[in-house]
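Undergrad: Quick one: this structure, given as structure tokens, is what I'll be asking you about.
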Amino acid sequence: MQAVAEQPPPVAVNEPAPPPAAGRELGGKYLTFLLDDEEHGLEILKVREIIGIMDITRVPQTPDFVRGVINLRGKVIPVIDLRLKFGLQPAEYNDQTCIIVVDVGLLMGIIVDTVQEVHDIPASNIEPPPQLGAHVDTSFILGMGKVKDDVKILLDIDKVLTGEELVQVQAAVSG
Amino acid sequence: MQTDKHVASLIDALTRAAATVKSDDLPELAKMHGWCEALMAATGSSAATPAAPLFEAAKGLLTILAALILGEAGDEKAALAQVAYGVAALAELGAATETPEAGECPAEDDGDVATALNRVFDEEPAAGLAKPATAGEDGDDTGGRPAVAAEGRVPAAGSPDPRPVPAAAAYQSEPLRIGPNELEFVRGFIPEANEHMEAIEAALLEVERAPDDTEQINALFRPFHTIKGAAGFLSLHDINSLTHEVETVLDQARKGKRQVTPALIDLVFDVVDILKVQVSAIAAWLADPKGDVVPQPPVAEMIEHLRRIVAGAAEPESRNQATAGAPPKLGETLVERGVCPQAVVDFALERQKSDAGNRKTGEILVDLGAATTRQVGQALRTQSVPAAASAPPARAASVADLSVRIDTAKLDALVDMVGELVIAQTQVRSNPIVATDAKLTKDVAQAAKIVRDVQEVAMAMRMVPIGPTFQKMARLVRDVSHKAGKSVELIMSGEETELDKNVIQQISDPLVHMLRNAVDHGVEAPEARRVAGKSETGHVHLSASHQAGNIVIEIRDDGRGMDRKALIAKGIERGLVQPGEELTDQQAYQLIFAPGFSLAAQVTDISGRGVGMDVVRRNIEQLRGRIEIASEPGKGSRFTIRLPLTLAIIDGMIVRVGTERFIFQTITVGQALRPRREHITTVQQKGQLLDVRGRLLPLIQLGPLFGLGERIDPCEAMVVIAQHDGGQVGIVVDELIGQQQVVIKSLGERFEGLRGVSGAAILGDGKVGLILETSGLVAAHNKHLTVQRSNEETSRVVAAARPSTVNRPGVTEARAGLAAPALVAT
């Protein structure tokens with residue numbers, strides 16, 4: 001189904017980003033991964049495991065970034081395509097594609113292009129998220145982490161995954 | 001003194017009134033209430049300490065009186081007896097305070113009276129006042145039983161204070177009869193009591209070690225109290241009285257009024273022994289009920305002994321003072337019983353010496369793991385108990401030991417894991433390599449058989465009979481019919497039918513609502529029944545049975561039945577039914593499940609708010625069951641609930657739609673067929689209909705509905721006929737894959753709002769399949785059609801020139817994926 005193109009990008013809430021890192025120690029270990037050639041990172045403490053792409057069962061009535069559910073050794077967990085979640089172009093899955101299983105209160109899988117490595121990024125090397133104007137939502141960015149000459153987008157994965165309902169109930173029809 | 005005179009006159013008035021007052025004499029009770037208040041005012045303000053017990057006593061009395069006045073006293077007779085006792089105690093106290101030499105009156109005794117009266121109040125729940133707060137069981141089941149217990153205890157057995165009953169009254173043991181309704185509860189009481197007795201023994205050893213530790217005495221107190229409560233509730237008179245008396249003794253110890261001596265500990269051990277014999281006698285009778293009187297070993301002697309001790313007329317005496325607490329004896333006993341070898345005992349004794357001798361041998365042995373607390377306790381008891389009393393019937397003990405109580409979380413985990421095992425087993429068996437080797441095939445088949453057995457046992461562990469739930473309903477029907485001024489007899493059958501524990505928990509609420517409805521709306525008032533030529537007493541049948549792997553619960557009444565026309569009229573009024581729409585009987589009856597739907601002209605306190613049946617359907621759907629209604633005007637209605645045996649595993653029918661596989665619950669599937677072209681009717685705006693033996697069923701296309709693909713031509717594929725709310729629909733699928741038992745997995749909170757999908761299951765190949773839920777599918781389908789229709793109307797308005805596109809797949813899909821509020825604002 002290609003009708004999804006008509007949909008507004010799923011993340012369209014544009015409230016001014018509150019300082020996300022207030023009172024939070026940002027330094028630490030981050031797992032970095034690639035998404036549309038852009039390097040991202042997420043706190044290693046949130047990561048449960050990394051698995052290769054596998055068969056995903058689609059779930060109806062969900063936004064397209066929800067790819068469906070997988071069987072993680074007997075547990076059924078939802079899987080989200082981070083590309084689609086961020087409104088990027090969908091990509092074909094290949095043997096580089098990974099599912100990172102994260103614990104955000106419950107287990108969820110996120111699909112990324114490829115997993116890179118774990119970096120220890122001290123707080124001094126992390127800068128607050130940039131203000132990119134009203135039309136770019138930066139609320140789920142913890143900060144920008146500098147490793148040598150590279151800059152990695154550090155994600156607040158809890159905000160990314162729990163901010164929105166997964167089930168799109170069709171608009172209520174009275175009667 | 002002015003105050004004293006005032007107090008004395010108030011007590012006098014109370015005493016006179018208490019002698020004659022009746023439980024329904026409200027003015028008199030109110031007067032007594034007033035006097036009590038005045039008494040509290042008089043004694044509370046006086047700073048003199050001797051008056052403090054009076055204040056406390058009056059307060060206790062006031063509460064009982066208030067309960068009587070408000071009609072909250074479950075058993076008025078017992079409550080009145082408590083009032084009489086309270087007033088007598090007040091009079092005693094009053095006399096004590098009036099004595100010029102009040103100081104001479106032993107303070108300890110004053111406290112006792114207040115304590116005793118407070119205890120009267122403490123025990124009031126167990127004695128039938130207000131809410132029965134007995135351990136373990138629901139208040140619903142008391143049914144008037146407490147009367148026996150309370151009467152037995154309050155005036156005679158329940159007077160721990162020596163003065164109101166000066167000489168300890170001789171204890172009369174009553175023949176114990178256990179009614180058929182109580183069997184289950186008593187059976188449950190046995191392991192519970194045994195558990196508490198073990199706790200008592202353990203606590204006793206602790207108390208022995210640290211006699212001054214009130215926390216330990218409290219720990220001893222609690223299990224006795226629980227046994228007492230449960231025994232009172234179950235009318236186990238002897239056990240109740242015995243525990244009550246020993247509790248009184250312990251209470252004195254707890255309050256520091258009695259020293260904890262080895263002799264006292266021996267005494268409590270003796271009591272536990274007698275309790276054990278009592279409990280095992282009941283257990284033996286339960287295992288083999290002969291005669292209607294349960295044989296009970298004598299307790300009167302011990303009860304009287306305890307009463308004398310409480311009254312200060314006797315002291316606990318160790319029958320073998322010389323040996324009590326003498327460690328070698330314990331060691332000998334243990335060796336003799338083969339609990340532990342002599343060498344271990346020697347070692348323990350040695351250690352005891354090096355520990356400066358302040359620990360007991362038994363304790364050290366327990367610490368060493370050489371003996372259990374229970375063994376030590378038993379050995380200790382043989383030291384002080386005559387052999388005859390300490391030998392409980394062995395057979396009975398083994399009966400009680402037959403059950404183990406397990407945390408349900410552990411059971412759930414076991415069932416989950418067995419589910420995984422079944423899947424793993426299925427995967428192994430479907431491996432093609434297996435078929436190539438005869439030995440392997442045989443072994444795998446054998447393993448499969450064992451796994452199946454394990455699964456069955458695991459499931460059976462969760463099963464409990466529905467009987468106790470039914471018993472609660474009996475009480476409910478009685479209450480509701482009295483309230484409604486009707487005479488209704490509830491006839492139950494199949495109480496022994498076993499259901500999953502989780503199912504039982506969730507079925508209780510729906511049953512309450514349905515029975516309430518049956519009594520309130522179904523059964524007519526007596527006059528109306530007479531006019532209709534029926535017996536004045538209405539009948540409600542409640543039955544449970546197993547049918548074809550399902551549990552069937554049926555509620556049937558012989559009342560007025562349901563009025564189809566009235567239901568439809570109300571449905572039209574509420575906008576649930578379109579005027580002129582043809583409804584089947586089932587569809588009409590199912591209207592009662594709509595939220596807020598009620599035919600009652602008036603909301604009564606029993607029913608009529610239209611909330612109940614909505615809850616019924618929701619609960620039953622959560623249990624993956626369904627409910628059918630049959631009714632005949634003037635003859636009555638029948639509600640049939642079909643439930644799966646368990647919540648953890650379902651029999652599933654696996655189907656393929658496009659690339660996805662879905663699971664139907666086999667219970668909801670009527671049949672599957674490949675339709676012929678002439679049986680399909682395409683109705684504009686309503687999609688396709690399938691003619692199945694003259695009935696037109698709507699066809700649901702999962703592809704477009706779920707946004708998974710094109711619609712399927714039903715004549716090239718299969719149609720699964722599924723049940724929903726008493727109606728049927730056809731669901732078009734590409735292929736039937738097969739039937740399989742699947743373990744149900746929740747999709748989790750993130751997918752809570754999903755319609756038409758009730759959960760997921762892991763299929764034989766390890767992939768996840770979604771379980772379809774028909775009612776939700778139909779709702780989603782209807783909404784889908786509406787969206788489609790309004791889209792179409794919009795497009796007609798916007799682009800009138802465009803040809804109608806009812807079933808153009810692209811459009812359908814786009815709309816399905818779209819939450820297009822603007823388009824469907826109606």
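Simple scheme: letters A, B, ... for chains in structure tokens order, numbers from 1 for residues in each chain, numbers from 1 for ligands in the order shown.
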Could you give me, as a count of residues only, the residues within 12 Å of stretch 561-564 of chain B, counting only C-alpha atoms and dropping anything in the same chain fewer than 5 positions from it?

TA: 34

Undergrad: Apply DSSP to the backbone of this structure and, from stretch 2-155 of chain A, keep only the residues in alpha helix (DSSP H); write these as a list in words.

TA: Leu82, Arg83, Leu84 and Lys85 of chain A

Undergrad: Would you mind telling me which residue in A:Met54, A:Val102, A:Val160, A:Met144 lies nearest to A:His40 when using only C-alpha atoms?

TA: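 So, comparing all the options, the nearest one is A:Met144.
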
Undergrad: Name all residues at most 7 Å from A:Pro129 (count only C-alpha atoms; drop same-chain ones fewer than 6 positions away) and give them as a PyMOL selection string.

TA: chain A and resi 138+141-144

Undergrad: Could you write out that same residue set with C-alpha atoms as a short mmCIF file (atom, residue, chain, number, x, y, z; two decimals), in the first residue's frame?

TA:
```
data_model
loop_
_atom_site.label_atom_id
_atom_site.label_comp_id
_atom_site.auth_asym_id
_atom_site.auth_seq_id
_atom_site.Cartn_x
_atom_site.Cartn_y
_atom_site.Cartn_z
CA THR A 138 14.27 18.45 18.28
CA ILE A 141 17.35 14.72 20.81
CA LEU A 142 19.37 14.52 23.99
CA GLY A 143 22.24 16.42 22.50
CA MET A 144 24.94 16.39 19.88
#
```

Undergrad: Got a sec: who's within 10 Å of stretch 88-97 of chain A, counting only C-alpha atoms, leaving out chain neighbours fewer than 6 positions off, as a ChimeraX atom specification?

TA: /A:9,34-36,51-54,65,81-82,111-115

Undergrad: State, in Å with one decimal place, the distance from atom CA of B:Val552 to atom CA of B:Arg642.

TA: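 So the answer is 4.6 Å.
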
Undergrad: So that I can see what lies close to B:Arg674, please list as number ranges by chain the residues with an atom at most 7 Å from it, counting only C-alpha atoms and leaving out residues fewer than 4 positions away in the same chain.

TA: B: 715, 717-719

Undergrad: Out of B:Met514, B:Ile771, B:Ala199, B:Leu708, which residue has the shortest atom-to-atom distance to chain A when counting only C-alpha atoms?

TA: B:Leu708
